[in-house]
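Participant: Hey, dropping my_file-v4.json in here, JSON, C-alpha atoms:
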[["chain", "number", "residue", "atom", "x", "y", "z"],
["A", 1, "MET", "CA", -131.49, 64.12, 169.52],
["A", 2, "SER", "CA", -128.67, 61.62, 169.44],
["A", 3, "THR", "CA", -127.79, 59.86, 166.21],
["A", 4, "PHE", "CA", -128.53, 56.49, 167.78],
["A", 5, "LEU", "CA", -132.05, 57.54, 168.68],
["A", 6, "GLN", "CA", -132.58, 59.07, 165.24],
["A", 7, "SER", "CA", -131.47, 55.89, 163.53],
["A", 8, "PHE", "CA", -133.65, 53.85, 165.89],
["A", 9, "LEU", "CA", -136.78, 55.87, 165.00],
["A", 10, "ASP", "CA", -136.05, 56.13, 161.26],
["A", 11, "PRO", "CA", -138.25, 53.68, 159.29],
["A", 12, "LYS", "CA", -135.61, 53.49, 156.55],
["A", 13, "LYS", "CA", -133.03, 52.13, 158.97],
["A", 14, "ASN", "CA", -135.02, 50.19, 161.56],
["A", 15, "PHE", "CA", -137.22, 47.20, 160.80],
["A", 16, "LEU", "CA", -139.50, 47.70, 163.81],
["A", 17, "ALA", "CA", -140.08, 51.37, 162.98],
["A", 18, "ARG", "CA", -140.91, 50.35, 159.41],
["A", 19, "MET", "CA", -143.41, 47.76, 160.66],
["A", 20, "HIS", "CA", -145.03, 50.32, 162.97],
["A", 21, "MET", "CA", -145.28, 52.90, 160.17],
["A", 22, "LYS", "CA", -146.89, 50.32, 157.90],
["A", 23, "ALA", "CA", -149.43, 49.35, 160.59],
["A", 24, "VAL", "CA", -150.33, 52.99, 161.26],
["A", 25, "SER", "CA", -150.60, 53.63, 157.53],
["A", 26, "THR", "CA", -152.96, 50.67, 157.09],
["A", 27, "ARG", "CA", -155.23, 51.82, 159.91],
["A", 28, "LEU", "CA", -155.36, 55.39, 158.64],
["A", 29, "ARG", "CA", -156.10, 54.25, 155.07],
["A", 30, "ARG", "CA", -159.02, 52.14, 156.26],
["A", 31, "TYR", "CA", -160.81, 55.28, 157.41],
["A", 32, "GLY", "CA", -159.38, 57.75, 154.90],
["A", 33, "LEU", "CA", -157.44, 59.78, 157.47],
["A", 34, "ARG", "CA", -154.08, 61.49, 157.42],
["A", 35, "TYR", "CA", -151.64, 61.37, 160.30],
["A", 36, "ASP", "CA", -152.11, 65.10, 160.97],
["A", 37, "ASP", "CA", -155.84, 64.49, 161.43],
["A", 38, "THR", "CA", -155.07, 62.62, 164.65],
["A", 39, "TYR", "CA", -153.82, 65.78, 166.38],
["A", 40, "ASP", "CA", -156.42, 67.08, 168.82],
["A", 41, "GLN", "CA", -156.90, 70.84, 168.88],
["A", 42, "TYR", "CA", -158.23, 70.68, 172.44],
["A", 43, "TYR", "CA", -155.13, 68.89, 173.72],
["A", 44, "HIS", "CA", -152.57, 71.53, 172.83],
["A", 45, "MET", "CA", -153.15, 75.22, 172.14],
["A", 46, "ASP", "CA", -150.38, 75.33, 169.51],
["A", 47, "ILE", "CA", -152.34, 72.88, 167.38],
["A", 48, "LYS", "CA", -155.45, 75.02, 167.68],
["A", 49, "GLU", "CA", -153.51, 78.12, 166.64],
["A", 50, "ALA", "CA", -151.92, 76.29, 163.70],
["A", 51, "LEU", "CA", -155.35, 75.10, 162.52],
["A", 52, "ASN", "CA", -156.67, 78.66, 162.77],
["A", 53, "ARG", "CA", -153.85, 79.87, 160.51],
["A", 54, "LEU", "CA", -154.43, 77.25, 157.80],
["A", 55, "PRO", "CA", -156.56, 78.07, 154.74],
["A", 56, "ARG", "CA", -160.28, 77.39, 155.16],
["A", 57, "GLU", "CA", -160.27, 74.70, 152.42],
["A", 58, "VAL", "CA", -157.63, 72.66, 154.24],
["A", 59, "VAL", "CA", -159.52, 72.82, 157.53],
["A", 60, "ASP", "CA", -162.79, 71.91, 155.80],
["A", 61, "ALA", "CA", -161.14, 68.89, 154.14],
["A", 62, "ARG", "CA", -159.79, 67.83, 157.55],
["A", 63, "ASN", "CA", -163.22, 68.09, 159.15],
["A", 64, "GLN", "CA", -164.77, 66.12, 156.30],
["A", 65, "ARG", "CA", -162.20, 63.33, 156.70],
["A", 66, "LEU", "CA", -162.85, 63.20, 160.45],
["A", 67, "LYS", "CA", -166.63, 63.06, 159.94],
["A", 68, "ARG", "CA", -166.29, 60.29, 157.37],
["A", 69, "ALA", "CA", -163.99, 58.32, 159.69],
["A", 70, "MET", "CA", -166.42, 58.63, 162.60],
["A", 71, "ASP", "CA", -169.31, 57.56, 160.38],
["A", 72, "LEU", "CA", -167.40, 54.52, 159.11],
["A", 73, "SER", "CA", -166.34, 53.62, 162.64],
["A", 74, "MET", "CA", -169.91, 53.78, 163.95],
["A", 75, "LYS", "CA", -171.07, 51.54, 161.09],
["A", 76, "HIS", "CA", -168.19, 49.09, 161.72],
["A", 77, "GLU", "CA", -167.11, 49.47, 158.08],
["A", 78, "TYR", "CA", -163.99, 50.52, 156.18],
["A", 79, "LEU", "CA", -163.50, 52.53, 153.02],
["A", 80, "PRO", "CA", -163.79, 50.51, 149.81],
["A", 81, "GLU", "CA", -160.49, 49.01, 148.65],
["A", 82, "ASP", "CA", -160.24, 51.29, 145.60],
["A", 83, "LEU", "CA", -160.51, 54.39, 147.81],
["A", 84, "GLN", "CA", -158.05, 52.99, 150.34],
["A", 85, "ALA", "CA", -155.49, 52.60, 147.57],
["A", 86, "VAL", "CA", -155.49, 56.32, 146.73],
["A", 87, "GLN", "CA", -155.23, 57.58, 150.33],
["A", 88, "THR", "CA", -152.05, 59.39, 151.40],
["A", 89, "PRO", "CA", -151.88, 59.04, 155.19],
["A", 90, "PHE", "CA", -148.47, 60.63, 155.66],
["A", 91, "ARG", "CA", -148.92, 63.68, 153.42],
["A", 92, "SER", "CA", -148.55, 66.48, 155.92],
["A", 93, "TYR", "CA", -150.55, 69.69, 155.90],
["A", 94, "LEU", "CA", -150.14, 70.80, 159.50],
["A", 95, "GLN", "CA", -146.49, 70.19, 160.41],
["A", 96, "GLU", "CA", -145.00, 73.34, 158.84],
["A", 97, "MET", "CA", -147.57, 75.65, 160.40],
["A", 98, "LEU", "CA", -147.26, 73.86, 163.76],
["A", 99, "ALA", "CA", -143.48, 74.28, 163.70],
["A", 100, "LEU", "CA", -143.91, 77.99, 162.94],
["A", 101, "VAL", "CA", -146.38, 78.46, 165.81],
["A", 102, "GLU", "CA", -144.12, 76.61, 168.25],
["A", 103, "ARG", "CA", -141.12, 78.68, 167.14],
["A", 104, "GLU", "CA", -143.08, 81.91, 167.65],
["A", 105, "ARG", "CA", -144.24, 80.77, 171.11],
["A", 106, "LYS", "CA", -140.70, 79.90, 172.18],
["A", 107, "GLU", "CA", -139.43, 83.24, 170.87],
["A", 108, "ARG", "CA", -142.11, 85.11, 172.84],
["A", 109, "GLU", "CA", -141.19, 83.16, 175.98],
["A", 110, "ALA", "CA", -137.50, 83.95, 175.46],
["A", 111, "LEU", "CA", -138.27, 87.66, 175.10],
["A", 112, "GLY", "CA", -140.51, 87.63, 178.18],
["A", 113, "ALA", "CA", -143.64, 88.66, 176.30],
["A", 114, "LEU", "CA", -147.13, 87.57, 177.24],
["A", 115, "PRO", "CA", -148.46, 84.48, 175.47],
["A", 116, "LEU", "CA", -150.84, 84.99, 172.56],
["A", 117, "TYR", "CA", -153.30, 82.53, 174.00],
["A", 118, "GLN", "CA", -153.97, 80.88, 177.32],
["A", 119, "ARG", "CA", -155.92, 77.79, 178.18],
["A", 120, "THR", "CA", -159.33, 78.52, 179.66],
["A", 121, "LEU", "CA", -161.81, 76.15, 181.19],
["A", 122, "PRO", "CA", -164.92, 75.60, 179.04]]
Do you think you could lay out the structure here as structure tokens?

Facilitator:
Amino acid sequence: MSTFLQSFLDPKKNFLARMHMKAVSTRLRRYGLRYDDTYDQYYHMDIKEALNRLPREVVDARNQRLKRAMDLSMKHEYLPEDLQAVQTPFRSYLQEMLALVERERKEREALGALPLYQRTLP
């Protein structure tokens, strides 16, 4: 990626990127979510594989956050202010594993091997 584009997307250097990051952070804190919780395992098979490789406790915590967020959304409520203050929306738990899965997939494609998983219709 070009340095101009990197500087444009970096919240430390660009005011608009900083405003966007703050708005996303506020919305995620309201429901107690992390940014990685917004990835849909049915959208991309790499995400599903990365979630399968994570420890069970991490996946259970993710599912609990998603259930709580759906419950709060259905009730048209937000988390209490004291709980919103301790939320960490940009603490990543999925990015490293997702990068590893994508690297392995690209390596398999480069070697001409069959993919580990294929999308099937439900």

Participant: Restricting the calculation to all atoms listed in the file: of A:Arg105, A:Thr88, A:Met19, A:Arg65, which residue gets closest to Thr38 in chain A?

Facilitator: A:Arg65

Participant: Smallest atom-to-atom distance to Met45 in chain A: which of A:Glu102, A:Glu57, A:Asp71, A:Glu109, using all atoms listed in the file?

Facilitator: A:Glu102

Participant: Using all atoms listed in the file for the distances, tell me which of A:Ala113, A:Arg29, A:Ala50, A:His20 is nearest to Pro80 in chain A.

Facilitator: A:Arg29

Participant: At what distance in Å, to one decimal, does CA of Pro11 in chain A lie from CA of Val59 in chain A?

Facilitator: 28.7 Å

Participant: Between CA of Met21 in chain A and CA of Leu72 in chain A, what is the distance, to one decimal in Å?

Facilitator: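 According to the coordinates, CA of Met21 in chain A and CA of Leu72 in chain A are separated by 22.2 Å.
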
Participant: Give me the residues near Gly32 in chain A as a list in words, where near means some atom within 10 Å (using all atoms listed in the file) and where sequence neighbours in that chain fewer than 3 positions away do not count.

Facilitator: Thr26, Arg27, Leu28, Arg29, Arg65, Leu66, Arg68, Ala69, Leu72, Tyr78, Leu79, Pro80, Leu83, Gln84, Ala85, Val86, Gln87, Thr88 and Pro89 of chain A

Participant: If you measure from CA of Leu98 in chain A to CA of Ile47 in chain A, what distance in Å do you get, rounded to one decimal?

Facilitator: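 Rounded to one decimal, the two atoms are 6.3 Å apart.
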
Participant: Show me as a list of chain:residue names the residues that reach within 10 Å of (-156.5, 67.5, 161.5), counting only C-alpha atoms and using the file's own coordinates.

Facilitator: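 It turns out the residues near that spot are A:Leu33, A:Arg34, A:Tyr35, A:Asp36, A:Asp37, A:Thr38, A:Tyr39, A:Asp40, A:Gln41, A:Ile47, A:Lys48, A:Leu51, A:Val58, A:Val59, A:Asp60, A:Ala61, A:Arg62, A:Asn63, A:Gln64, A:Arg65, A:Leu66, A:Ser92, A:Tyr93, A:Leu94.
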